[in-house]
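All remarks here apply to the structure that follows.
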Amino acid sequence: MRLLIVEDDPHIAELLREGLGEDGYECDHAASASEAEALAHLFPYALLLLDVTLPEGPDAGYRLGERLRSAGLRLPILYLSARAAVEDRVSGLEAGGDDYLVKPFAFRELRARLRALLRRSGGSAHNSVPLPGGWHLDLGGRELHCGGRRAELTRREFALIELLALHPGRAFSRPELIERLWRGEAGVELKVIDVYVSTLRRKTSEALIDTVRGTGYRLGRAEP
């Protein structure tokens, strides 16, 4: 699931990217309102984390939210700001925001608010993605289920099946999967991907993931 972080402080932006990346989200970063506006029109982001004060001005985040709404973009907007006054929070909501979180904040609260917004919005153009073996991937609720059964997945197990599900037909090599899921973390061996695939199959269905000989793995093909 792809998010856009709009934050002009590089330290805060990197902390957000690292923290959300550990939760399995793919995060792009924009340091200004103009850069964010261009990216928001290019890519189908699931959610926008938007600082209020940006290089264009102290209320640039509000103005960006208004422009995106006027352009018809319906992605959820979560404002992040050090400005805690009621007037500021009201301004954010009136400028098209869906929620407003005051800095500094606990990361667990950010996670909870983000998940709530994604559940309400569907988290994607397709909230529930059908998978082989009768399973369904709930992108907003971040769950994998089959009928009344729910697979208990770790963060990286979910990130792996989410990546494959959002790119049906595409085979990913082990190095690609490590780069996507571990984001440059040192010391991760290629065989760890085999372990994760084996565990996912055991928790769900052998048909969930196909092995592509000489390449890697892809989402399993649905039965005709």
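Ligands are numbered from 1 in the order shown, chains are lettered A, B, ... in the order of the structure tokens, and residues start at 1 in each chain.
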A:Ala95 environment, 6 Å, only C-alpha atoms, sequence neighbours closer than 6 positions dropped, as a PyMOL selection string: chain A and resi 62+65-66
Residues at most 7 Å from A:Leu54, counting only C-alpha atoms, excluding those fewer than 4 positions away in the same chain, as an MDAnalysis selection string? chainID A and resid 8 32:33 58 60:61
Take the residues from that selection and write them out as a PDB file, in the first residue's frame, keeping C-alpha atoms.
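Once everything was written out, this is selection_39.pdb:
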ATOM      1  CA  ASP A   8       9.802  19.580   4.923  1.00  0.00           C
ATOM      2  CA  SER A  32       7.011  20.893  -0.553  1.00  0.00           C
ATOM      3  CA  ALA A  33       3.379  21.449  -1.480  1.00  0.00           C
ATOM      4  CA  PRO A  58       2.660  28.532   7.183  1.00  0.00           C
ATOM      5  CA  ALA A  60       0.527  25.699   2.663  1.00  0.00           C
ATOM      6  CA  GLY A  61      -0.693  22.292   3.812  1.00  0.00           C
TER       7      GLY A  61
END
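Using only C-alpha atoms, the residues found no farther than 10 Å from A:Pro130, other than those of its own chain fewer than 4 positions away, are A:His126, A:Gly134, A:Trp135, A:His136, A:Leu137, A:Asp138, A:Leu144, A:His145, A:Cys146, A:Ala165, A:Ala222.
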Dump of N, CA, C and O atoms for the selected residues, as a tab-separated table (two decimals), in the first residue's frame:
chain	number	residue	atom	x	y	z
A	126	HIS	N	-9.56	-1.17	-4.55
A	126	HIS	CA	-10.18	-2.46	-4.29
A	126	HIS	C	-9.85	-2.85	-2.86
A	126	HIS	O	-8.73	-3.28	-2.57
A	134	GLY	N	-9.60	-19.41	-2.41
A	134	GLY	CA	-10.74	-18.86	-1.70
A	134	GLY	C	-10.40	-17.80	-0.68
A	134	GLY	O	-11.27	-17.33	0.06
A	135	TRP	N	-9.14	-17.36	-0.64
A	135	TRP	CA	-8.73	-16.35	0.32
A	135	TRP	C	-8.99	-14.95	-0.21
A	135	TRP	O	-9.08	-14.73	-1.42
A	136	HIS	N	-9.13	-13.99	0.71
A	136	HIS	CA	-9.31	-12.59	0.35
A	136	HIS	C	-8.37	-11.73	1.19
A	136	HIS	O	-8.22	-11.96	2.40
A	137	LEU	N	-7.76	-10.76	0.55
A	137	LEU	CA	-6.85	-9.83	1.22
A	137	LEU	C	-7.60	-8.53	1.46
A	137	LEU	O	-8.00	-7.85	0.52
A	138	ASP	N	-7.80	-8.19	2.73
A	138	ASP	CA	-8.46	-6.95	3.12
A	138	ASP	C	-7.38	-5.89	3.30
A	138	ASP	O	-6.68	-5.87	4.31
A	144	LEU	N	-6.01	-11.17	6.18
A	144	LEU	CA	-6.13	-12.20	5.16
A	144	LEU	C	-7.11	-13.24	5.69
A	144	LEU	O	-6.91	-13.79	6.77
A	145	HIS	N	-8.21	-13.45	4.96
A	145	HIS	CA	-9.24	-14.34	5.50
A	145	HIS	C	-9.86	-15.20	4.40
A	145	HIS	O	-9.80	-14.88	3.21
A	146	CYS	N	-10.47	-16.29	4.84
A	146	CYS	CA	-11.16	-17.22	3.95
A	146	CYS	C	-12.41	-17.68	4.66
A	146	CYS	O	-12.34	-18.46	5.62
A	165	ALA	N	-0.07	-9.65	-4.34
A	165	ALA	CA	-1.48	-9.49	-4.72
A	165	ALA	C	-1.71	-8.24	-5.55
A	165	ALA	O	-2.58	-8.22	-6.43
A	222	ALA	N	-5.44	-18.19	-10.13
A	222	ALA	CA	-6.76	-18.70	-9.72
A	222	ALA	C	-7.16	-19.87	-10.62
A	222	ALA	O	-6.86	-19.89	-11.81
Just list the residues in stretch 166-214 of chain A DSSP gives helix (DSSP H, G or I) on the backbone, as a ChimeraX atom specification. /A:174-182,191-203,206-208
Write the residues you've just listed into a file as a compact mmCIF listing (two decimals), in the first residue's frame, and include N, CA, C and O atoms for each of them.
# COMPACT_ATOMS: atom_id res chain seq x y z
N ARG A 174 14.09 -12.99 -5.48
CA ARG A 174 14.37 -12.89 -4.05
C ARG A 174 15.06 -11.58 -3.68
O ARG A 174 14.69 -10.94 -2.69
N PRO A 175 16.07 -11.14 -4.44
CA PRO A 175 16.68 -9.84 -4.12
C PRO A 175 15.68 -8.67 -4.18
O PRO A 175 15.73 -7.76 -3.35
N GLU A 176 14.75 -8.71 -5.14
CA GLU A 176 13.73 -7.66 -5.22
C GLU A 176 12.85 -7.66 -3.98
O GLU A 176 12.53 -6.60 -3.42
N LEU A 177 12.45 -8.85 -3.55
CA LEU A 177 11.57 -8.95 -2.38
C LEU A 177 12.28 -8.48 -1.12
O LEU A 177 11.68 -7.79 -0.29
N ILE A 178 13.55 -8.82 -0.99
CA ILE A 178 14.31 -8.35 0.17
C ILE A 178 14.44 -6.84 0.15
O ILE A 178 14.28 -6.17 1.18
N GLU A 179 14.70 -6.26 -1.00
CA GLU A 179 14.82 -4.80 -1.11
C GLU A 179 13.50 -4.12 -0.76
O GLU A 179 13.48 -3.10 -0.06
N ARG A 180 12.41 -4.69 -1.22
CA ARG A 180 11.09 -4.09 -0.95
C ARG A 180 10.67 -4.23 0.51
O ARG A 180 10.11 -3.30 1.08
N LEU A 181 10.92 -5.39 1.08
CA LEU A 181 10.39 -5.68 2.42
C LEU A 181 11.34 -5.31 3.54
O LEU A 181 10.90 -5.00 4.64
N TRP A 182 12.64 -5.35 3.27
CA TRP A 182 13.61 -5.01 4.32
C TRP A 182 14.27 -3.65 4.08
O TRP A 182 15.03 -3.19 4.91
N LYS A 191 17.60 -16.78 1.40
CA LYS A 191 16.76 -17.93 1.77
C LYS A 191 15.64 -17.55 2.73
O LYS A 191 14.70 -18.33 2.91
N VAL A 192 15.72 -16.36 3.35
CA VAL A 192 14.65 -15.96 4.26
C VAL A 192 13.33 -15.81 3.50
O VAL A 192 12.26 -16.05 4.05
N ILE A 193 13.40 -15.44 2.22
CA ILE A 193 12.19 -15.33 1.40
C ILE A 193 11.52 -16.69 1.26
O ILE A 193 10.29 -16.81 1.36
N ASP A 194 12.31 -17.73 1.06
CA ASP A 194 11.75 -19.08 0.95
C ASP A 194 11.03 -19.47 2.24
O ASP A 194 9.98 -20.13 2.21
N VAL A 195 11.60 -19.08 3.36
CA VAL A 195 10.98 -19.39 4.65
C VAL A 195 9.63 -18.69 4.78
O VAL A 195 8.64 -19.29 5.21
N TYR A 196 9.59 -17.40 4.39
CA TYR A 196 8.33 -16.64 4.48
C TYR A 196 7.27 -17.22 3.55
O TYR A 196 6.10 -17.33 3.92
N VAL A 197 7.67 -17.59 2.34
CA VAL A 197 6.71 -18.18 1.40
C VAL A 197 6.17 -19.50 1.94
O VAL A 197 4.96 -19.76 1.89
N SER A 198 7.05 -20.32 2.47
CA SER A 198 6.63 -21.60 3.04
C SER A 198 5.65 -21.40 4.19
O SER A 198 4.64 -22.10 4.30
N THR A 199 5.93 -20.41 5.04
CA THR A 199 5.04 -20.14 6.18
C THR A 199 3.68 -19.64 5.71
O THR A 199 2.64 -20.06 6.24
N LEU A 200 3.67 -18.76 4.71
CA LEU A 200 2.40 -18.26 4.18
C LEU A 200 1.57 -19.38 3.58
O LEU A 200 0.35 -19.45 3.78
N ARG A 201 2.21 -20.26 2.85
CA ARG A 201 1.48 -21.39 2.27
C ARG A 201 0.90 -22.28 3.36
O ARG A 201 -0.23 -22.77 3.26
N ARG A 202 1.69 -22.51 4.40
CA ARG A 202 1.22 -23.37 5.49
C ARG A 202 0.03 -22.75 6.21
O ARG A 202 -0.91 -23.44 6.61
N LYS A 203 0.04 -21.42 6.37
CA LYS A 203 -1.04 -20.74 7.08
C LYS A 203 -2.29 -20.58 6.23
O LYS A 203 -3.38 -20.35 6.76
N GLU A 206 -1.43 -23.88 -0.38
CA GLU A 206 -0.28 -24.08 -1.27
C GLU A 206 -0.46 -23.31 -2.57
O GLU A 206 0.50 -22.93 -3.23
N ALA A 207 -1.73 -23.09 -2.95
CA ALA A 207 -2.01 -22.41 -4.22
C ALA A 207 -1.82 -20.90 -4.15
O ALA A 207 -1.87 -20.22 -5.17
N LEU A 208 -1.59 -20.36 -2.94
CA LEU A 208 -1.54 -18.91 -2.78
C LEU A 208 -0.38 -18.27 -3.54
O LEU A 208 -0.53 -17.20 -4.14
Do you know which residues are at most 12 Å from A:Leu3 counting only C-alpha atoms, after dropping those on the same chain fewer than 4 positions away, and could you put them as a short mmCIF file (atom, residue, chain, number, x, y, z; two decimals) with all heavy atoms, in the first residue's frame?
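Just written: part_7.cif:
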data_model
loop_
_atom_site.label_atom_id
_atom_site.label_comp_id
_atom_site.auth_asym_id
_atom_site.auth_seq_id
_atom_site.Cartn_x
_atom_site.Cartn_y
_atom_site.Cartn_z
N LEU A 16 9.28 8.85 9.74
CA LEU A 16 7.98 8.37 9.28
C LEU A 16 8.14 7.26 8.25
O LEU A 16 7.45 6.23 8.30
CB LEU A 16 7.16 9.52 8.69
CG LEU A 16 6.62 10.54 9.69
CD1 LEU A 16 6.06 11.75 8.95
CD2 LEU A 16 5.53 9.91 10.56
N ARG A 17 9.04 7.46 7.31
CA ARG A 17 9.26 6.45 6.28
C ARG A 17 9.75 5.14 6.89
O ARG A 17 9.29 4.05 6.50
CB ARG A 17 10.29 6.94 5.26
CG ARG A 17 9.77 8.01 4.32
CD ARG A 17 10.76 8.35 3.23
NE ARG A 17 10.93 7.22 2.32
CZ ARG A 17 11.56 7.31 1.15
NH1 ARG A 17 12.10 8.46 0.78
NH2 ARG A 17 11.67 6.27 0.38
N LEU A 20 6.75 3.56 9.12
CA LEU A 20 5.66 3.03 8.31
C LEU A 20 6.15 1.93 7.38
O LEU A 20 5.40 1.01 7.05
CB LEU A 20 5.01 4.17 7.52
CG LEU A 20 4.30 5.22 8.38
CD1 LEU A 20 3.83 6.40 7.54
CD2 LEU A 20 3.12 4.60 9.12
N GLY A 21 7.41 2.04 6.96
CA GLY A 21 7.98 0.98 6.14
C GLY A 21 8.04 -0.34 6.90
O GLY A 21 7.83 -1.41 6.34
N ASP A 23 5.91 -1.30 8.92
CA ASP A 23 4.54 -1.81 8.93
C ASP A 23 4.11 -2.33 7.57
O ASP A 23 2.96 -2.74 7.39
CB ASP A 23 3.56 -0.72 9.38
CG ASP A 23 3.70 -0.40 10.86
OD1 ASP A 23 4.28 -1.22 11.58
OD2 ASP A 23 3.22 0.66 11.29
N GLY A 24 5.01 -2.26 6.59
CA GLY A 24 4.70 -2.80 5.27
C GLY A 24 4.20 -1.79 4.26
O GLY A 24 3.85 -2.16 3.14
N TYR A 25 4.17 -0.50 4.64
CA TYR A 25 3.70 0.52 3.70
C TYR A 25 4.85 0.99 2.83
O TYR A 25 5.98 1.15 3.30
CB TYR A 25 3.13 1.72 4.45
CG TYR A 25 1.92 1.42 5.31
CD1 TYR A 25 2.03 1.35 6.69
CD2 TYR A 25 0.67 1.19 4.73
CE1 TYR A 25 0.92 1.07 7.49
CE2 TYR A 25 -0.43 0.91 5.52
CZ TYR A 25 -0.30 0.85 6.90
OH TYR A 25 -1.39 0.56 7.68
N GLU A 26 4.56 1.24 1.56
CA GLU A 26 5.51 1.90 0.67
C GLU A 26 5.26 3.40 0.77
O GLU A 26 4.14 3.85 0.54
CB GLU A 26 5.33 1.44 -0.77
CG GLU A 26 5.74 -0.01 -1.01
CD GLU A 26 5.74 -0.35 -2.48
OE1 GLU A 26 6.44 0.34 -3.26
OE2 GLU A 26 5.03 -1.28 -2.87
N CYS A 27 6.29 4.17 1.09
CA CYS A 27 6.12 5.60 1.33
C CYS A 27 6.96 6.43 0.38
O CYS A 27 8.18 6.24 0.29
CB CYS A 27 6.49 5.95 2.76
SG CYS A 27 5.45 5.17 4.01
N ASP A 28 6.34 7.35 -0.32
CA ASP A 28 7.04 8.37 -1.07
C ASP A 28 7.09 9.63 -0.21
O ASP A 28 6.27 9.83 0.68
CB ASP A 28 6.32 8.67 -2.39
CG ASP A 28 6.39 7.51 -3.36
OD1 ASP A 28 7.25 6.63 -3.17
OD2 ASP A 28 5.58 7.48 -4.30
N HIS A 29 8.08 10.49 -0.50
CA HIS A 29 8.25 11.71 0.29
C HIS A 29 8.30 12.93 -0.61
O HIS A 29 8.96 12.93 -1.65
CB HIS A 29 9.54 11.63 1.12
CG HIS A 29 9.89 12.91 1.79
ND1 HIS A 29 11.14 13.48 1.70
CD2 HIS A 29 9.14 13.76 2.55
CE1 HIS A 29 11.15 14.62 2.38
NE2 HIS A 29 9.96 14.80 2.89
N ALA A 30 7.57 13.95 -0.22
CA ALA A 30 7.62 15.26 -0.88
C ALA A 30 7.96 16.30 0.19
O ALA A 30 7.38 16.28 1.28
CB ALA A 30 6.29 15.59 -1.55
N ALA A 36 4.38 17.69 -3.77
CA ALA A 36 3.33 16.77 -3.34
C ALA A 36 2.14 16.81 -4.29
O ALA A 36 1.55 15.76 -4.61
CB ALA A 36 2.87 17.14 -1.93
N LEU A 39 2.92 14.80 -7.41
CA LEU A 39 2.92 13.36 -7.14
C LEU A 39 1.51 12.82 -6.92
O LEU A 39 1.17 11.73 -7.38
CB LEU A 39 3.78 13.06 -5.92
CG LEU A 39 5.30 13.20 -6.09
CD1 LEU A 39 6.00 13.06 -4.75
CD2 LEU A 39 5.82 12.16 -7.07
N ALA A 40 0.68 13.59 -6.21
CA ALA A 40 -0.69 13.14 -5.91
C ALA A 40 -1.52 12.95 -7.17
O ALA A 40 -2.45 12.13 -7.20
CB ALA A 40 -1.37 14.13 -4.98
N PHE A 43 0.19 9.40 -9.01
CA PHE A 43 0.13 8.07 -8.44
C PHE A 43 -1.13 7.89 -7.58
O PHE A 43 -1.56 8.83 -6.92
CB PHE A 43 1.37 7.80 -7.57
CG PHE A 43 2.66 7.90 -8.33
CD1 PHE A 43 3.49 9.00 -8.16
CD2 PHE A 43 3.04 6.91 -9.22
CE1 PHE A 43 4.68 9.11 -8.87
CE2 PHE A 43 4.22 7.00 -9.93
CZ PHE A 43 5.05 8.10 -9.75
N PRO A 44 -1.69 6.68 -7.57
CA PRO A 44 -2.91 6.41 -6.79
C PRO A 44 -2.60 6.10 -5.32
O PRO A 44 -2.70 4.96 -4.87
CB PRO A 44 -3.51 5.20 -7.50
CG PRO A 44 -2.31 4.47 -8.02
CD PRO A 44 -1.30 5.52 -8.40
N TYR A 45 -2.22 7.11 -4.57
CA TYR A 45 -1.87 6.89 -3.16
C TYR A 45 -3.11 6.49 -2.36
O TYR A 45 -4.22 6.96 -2.61
CB TYR A 45 -1.26 8.16 -2.56
CG TYR A 45 0.09 8.50 -3.14
CD1 TYR A 45 0.26 9.58 -4.00
CD2 TYR A 45 1.21 7.73 -2.82
CE1 TYR A 45 1.49 9.88 -4.55
CE2 TYR A 45 2.45 8.03 -3.35
CZ TYR A 45 2.59 9.10 -4.22
OH TYR A 45 3.82 9.39 -4.75
N ALA A 46 -2.86 5.64 -1.35
CA ALA A 46 -3.95 5.22 -0.47
C ALA A 46 -4.24 6.26 0.59
O ALA A 46 -5.37 6.34 1.09
CB ALA A 46 -3.60 3.89 0.20
N LEU A 47 -3.24 7.09 0.94
CA LEU A 47 -3.41 8.08 2.00
C LEU A 47 -2.30 9.11 1.92
O LEU A 47 -1.19 8.82 1.47
CB LEU A 47 -3.40 7.40 3.37
CG LEU A 47 -3.66 8.26 4.60
CD1 LEU A 47 -4.54 7.50 5.61
CD2 LEU A 47 -2.33 8.63 5.28
N LEU A 48 -2.62 10.34 2.37
CA LEU A 48 -1.66 11.45 2.38
C LEU A 48 -1.43 11.90 3.82
O LEU A 48 -2.38 12.24 4.53
CB LEU A 48 -2.23 12.61 1.55
CG LEU A 48 -1.41 13.88 1.42
CD1 LEU A 48 -0.14 13.62 0.64
CD2 LEU A 48 -2.23 14.95 0.71
N LEU A 49 -0.16 11.88 4.26
CA LEU A 49 0.21 12.45 5.55
C LEU A 49 0.79 13.83 5.26
O LEU A 49 1.83 13.95 4.62
CB LEU A 49 1.24 11.58 6.27
CG LEU A 49 0.75 10.20 6.72
CD1 LEU A 49 1.17 9.14 5.71
CD2 LEU A 49 1.28 9.87 8.09
N LEU A 50 0.11 14.87 5.74
CA LEU A 50 0.39 16.22 5.26
C LEU A 50 0.72 17.18 6.40
O LEU A 50 -0.10 17.42 7.28
CB LEU A 50 -0.84 16.71 4.48
CG LEU A 50 -0.82 18.12 3.89
CD1 LEU A 50 0.39 18.32 2.98
CD2 LEU A 50 -2.11 18.36 3.11
N LEU A 75 -8.57 10.72 -1.80
CA LEU A 75 -7.75 9.97 -0.86
C LEU A 75 -7.80 10.59 0.52
O LEU A 75 -7.92 11.81 0.66
CB LEU A 75 -6.29 9.91 -1.34
CG LEU A 75 -5.39 11.13 -1.14
CD1 LEU A 75 -3.94 10.74 -1.39
CD2 LEU A 75 -5.79 12.28 -2.03
N PRO A 76 -7.73 9.79 1.59
CA PRO A 76 -7.76 10.34 2.95
C PRO A 76 -6.55 11.24 3.21
O PRO A 76 -5.44 10.93 2.75
CB PRO A 76 -7.72 9.10 3.85
CG PRO A 76 -8.13 7.97 2.98
CD PRO A 76 -7.69 8.32 1.60
N ILE A 77 -6.77 12.32 3.94
CA ILE A 77 -5.69 13.24 4.32
C ILE A 77 -5.59 13.29 5.84
O ILE A 77 -6.57 13.60 6.52
CB ILE A 77 -5.94 14.66 3.76
CG1 ILE A 77 -5.93 14.64 2.23
CG2 ILE A 77 -4.89 15.63 4.30
CD1 ILE A 77 -6.28 15.99 1.61
N LEU A 78 -4.40 12.96 6.34
CA LEU A 78 -4.12 13.05 7.78
C LEU A 78 -3.13 14.19 7.98
O LEU A 78 -1.98 14.09 7.55
CB LEU A 78 -3.55 11.73 8.29
CG LEU A 78 -3.02 11.70 9.72
CD1 LEU A 78 -4.08 12.15 10.72
CD2 LEU A 78 -2.50 10.32 10.08
N LEU A 114 -4.10 5.97 11.23
CA LEU A 114 -3.89 5.64 9.83
C LEU A 114 -4.73 4.43 9.43
O LEU A 114 -5.40 4.43 8.39
CB LEU A 114 -2.40 5.39 9.60
CG LEU A 114 -1.90 5.26 8.17
CD1 LEU A 114 -0.44 5.74 8.11
CD2 LEU A 114 -1.97 3.83 7.70
N LEU A 118 -7.80 4.22 6.67
CA LEU A 118 -7.75 3.28 5.55
C LEU A 118 -8.94 2.33 5.56
O LEU A 118 -9.45 1.97 4.49
CB LEU A 118 -6.44 2.49 5.58
CG LEU A 118 -5.18 3.30 5.27
CD1 LEU A 118 -3.93 2.47 5.52
CD2 LEU A 118 -5.19 3.82 3.84
N GLY A 123 -8.83 1.77 1.73
CA GLY A 123 -7.40 1.58 1.65
C GLY A 123 -6.87 1.39 0.25
O GLY A 123 -5.68 1.29 0.02
N SER A 124 -7.74 1.37 -0.73
CA SER A 124 -7.34 1.12 -2.11
C SER A 124 -8.59 1.20 -2.96
O SER A 124 -9.70 1.23 -2.47
CB SER A 124 -6.70 -0.27 -2.24
OG SER A 124 -6.53 -0.63 -3.59
#
Calculate how many Å separate atom CA of A:Glu7 from atom CA of A:Leu139, rounding to one decimal.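 Distance reported for this atom pair: 25.0 Å.
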Which residues are close to A:Gly92, i.e. within 12 Å by only C-alpha atoms, leaving aside same-chain residues fewer than 3 positions away? Reply as an MDAnalysis selection string. chainID A and resid 50:53 59:66 77:81 83:89 95:102
Include C-alpha atoms and write out the residues we just selected as a short mmCIF file (atom, residue, chain, number, x, y, z; two decimals), in the first residue's frame.
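After the write, result02.cif holds the following:
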data_model
loop_
_atom_site.label_atom_id
_atom_site.label_comp_id
_atom_site.auth_asym_id
_atom_site.auth_seq_id
_atom_site.Cartn_x
_atom_site.Cartn_y
_atom_site.Cartn_z
CA LEU A 50 0.39 16.22 5.26
CA ASP A 51 2.33 18.76 7.30
CA VAL A 52 0.65 22.15 7.62
CA THR A 53 3.73 24.40 7.43
CA ASP A 59 -0.73 27.36 5.84
CA ALA A 60 0.53 25.70 2.66
CA GLY A 61 -0.69 22.29 3.81
CA TYR A 62 -4.24 23.59 4.21
CA ARG A 63 -4.14 25.17 0.77
CA LEU A 64 -2.83 21.95 -0.77
CA GLY A 65 -5.63 19.96 0.83
CA GLU A 66 -8.20 22.37 -0.60
CA ILE A 77 -5.69 13.24 4.32
CA LEU A 78 -4.12 13.05 7.78
CA TYR A 79 -2.69 16.40 8.88
CA LEU A 80 0.41 16.32 11.07
CA SER A 81 1.28 19.60 12.78
CA ARG A 83 -0.03 23.62 15.93
CA ALA A 84 -2.43 22.31 18.56
CA ALA A 85 -5.04 25.08 18.86
CA VAL A 86 -8.67 24.19 18.21
CA GLU A 87 -8.71 26.75 15.40
CA ASP A 88 -5.84 24.94 13.65
CA ARG A 89 -7.49 21.55 13.91
CA ALA A 95 -9.50 22.28 4.30
CA GLY A 96 -10.33 18.72 3.31
CA GLY A 97 -8.56 16.81 6.05
CA ASP A 98 -10.02 13.59 7.44
CA ASP A 99 -8.01 13.69 10.67
CA TYR A 100 -5.50 15.90 12.49
CA LEU A 101 -2.66 14.70 14.73
CA VAL A 102 -0.57 17.07 16.83
#
Any chance you could list, as number ranges by chain, the residues in stretch 80-201 of chain A that come up strand (DSSP E or B) when DSSP is run on the backbone? A: 80-81, 99-102, 128-130, 136-138, 143-146, 149-151, 172-173
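Going from atom CA of A:Gly19 to atom CA of A:Glu37 covers 23.4 Å.
Atom pair atom CA of A:Arg170 / atom CA of A:Arg218 has a distance of 5.8 Å (rounded to one decimal).
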